[in-house]
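Take a look at the structure below.
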Amino acid sequence: METETHESKIDVRIIVGGLDIAQLVSKAVNNIQLENDYNIIVSSIIPTVELNIVKKVANGADILLIGGYGHDETYNVLYNELKTDFNHIGLFDYNNIIIEDESIDFKLAEKEILNSIIKSTLSYSLNLINIHTLENKLMKVTHNYNSLLDDYNQLIKEQDVLNQENKELREDLDEVKSDFSVFKSRYEDIYSKNILEIFNLEQLWQDTFHQDLDDAERIVIATNKFKPDNIIVGQGYIAAETIQKATEWLNIVRTALIFVDDNADDLIRELSSDDENDVPEVRDDYDIPNTFENFWD
């Protein structure tokens with residue numbers, strides 16, 4: 001409890017030039033009851049101006065009073081060495097406690113100590129206000145910094161995710177480019193090729209000649225024999241650039257078949273009389289080419 005009480009009070013330490021003045025200051029401090037009346041304690045009276053000693057004893061004080069004849073050289077040296085952003089340094093002026101016979105007046109000493117401490121306390125309080133203001137600003141800046149740091153770390157994580165997604169997309173793009181290159185290589189001459197339409201052979205024959213197709217095999221044989229440009233027949237279908245082209249070819253084949261059927265006997269006799277030519281063997285098991293085998297692949 002004593003530690004907590006001590007920490008809640010203003011800690012004053014007084015630096016004087018020797019033991020004689022230190023004893024006087026000690027008595028005056030006891031008489032003016034600083035702790036009870038002003039919540040101030042004088043925790044140390046330092047009877048030396050030796051810098052190394054003073055630094056050790058004065059460290060941590062809220063207020064330092066330096067005894068001297070005004071702002072003399074000793075005061076200035078100690079001030080420059082001991083002043084920090086967290087303390088206040090005041091003057092305990094010997095000139096104000098010496099009377100005409102060059103002796104020290106005890107009552108004046110009490111008054112000077114009290115006035116010096118009060119002045120320093122007011123300055124220290126103002127300094128504390130500034131420090132607290134700065135601390136509040138620092139807390140806000142720190143909070144903002146931490147918030148920005150969190151946002152930054154989140155952005156870093158999101159960037160890592162985006163980088164990974166970007167990498168995967170690039171890999172997918174490379175794969176698509178490779179597939180496209182293969183596709184382009186395979187079909188780069190597609191515009192130079194004739195695209196054929198496919199029609200049902202029996203249906204087209206019926207629509208064109210208004211009769212049923214009795215022997216589709218003969219049309220296949222004729223087409224394979226003469227190999228017309230851009231005409232394919234097989235598996236019950238006919239492929240051509242247009243329906244008009246398909247119809248034209250069926251007309252040609254039908255006319256040829258009619259001619260052959262009507263003159264079949266004459267043709268057989270002519271072929272038989274020609275010794276240099278063998279009569280073509282009629283094959284019942286004629287192999288019909290599987291022309292459309294891979295047409296839709």
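We name chains A, B, ... following the order of the structure tokens; residues begin at 1 in each chain, and ligands are numbered from 1 as shown.
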Next on the checklist: Give me the residues near range 69-77 of chain A as a list of chain:residue names, where near means some atom within 12 Å (using only C-alpha atoms) and where sequence neighbours in that chain fewer than 5 positions away do not count.
Outcome noted: A:Ile15, A:Val16, A:Gly17, A:Thr48, A:Val49, A:Glu50, A:Leu51, A:Val54, A:Lys55, A:Leu64, A:Leu82, A:Lys83, A:Ile89, A:Gly90, A:Leu91, A:Phe92, A:Asp93, A:Tyr94, A:Asn95, A:Asn96, A:Ile97, A:Ile98
Next on the checklist: Among range 96-232 of chain A, which ones does DSSP assign to alpha helix (DSSP H) (computed from the backbone)? Answer as a PyMOL selection string.
Outcome noted: chain A and resi 106-187+201-209+216-226
Next on the checklist: Counting only C-alpha atoms, which residue out of A:Gly67, A:Glu168, A:Asn251, A:Leu162 sits closest to Glu112 in chain A?
Outcome noted: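 Ranking A:Gly67, A:Glu168, A:Asn251, A:Leu162 by distance to Glu112 in chain A, first place goes to A:Gly67.
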Next on the checklist: Give me, as a ChimeraX atom specification, the residues of range 87-128 of chain A that a backbone DSSP run labels strand (DSSP E).
Outcome noted: /A:88-93
Checklist entry - Separation of CA of Gln206 in chain A and CA of Asp262 in chain A, in Å? => result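 Distance reported for this atom pair: 21.7 Å.
Using only C-alpha atoms, the shortest contact distance between Glu197 in chain A and any of A:Asn31, A:Asn115, A:Asn39, A:Thr242 is found at A:Thr242.
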Item to check | Minimum-distance residue to Trp205 in chain A, chosen among A:Leu250, A:Met139, A:Ile232, A:Leu169 (using only C-alpha atoms) | outcome: A:Leu250
Item to check | Polymer residues at most 9 Å from Leu213 in chain A, only C-alpha atoms, same-chain spacing of 2 or more positions, as a PyMOL selection string | outcome: chain A and resi 201-203+205-206+211+215-216
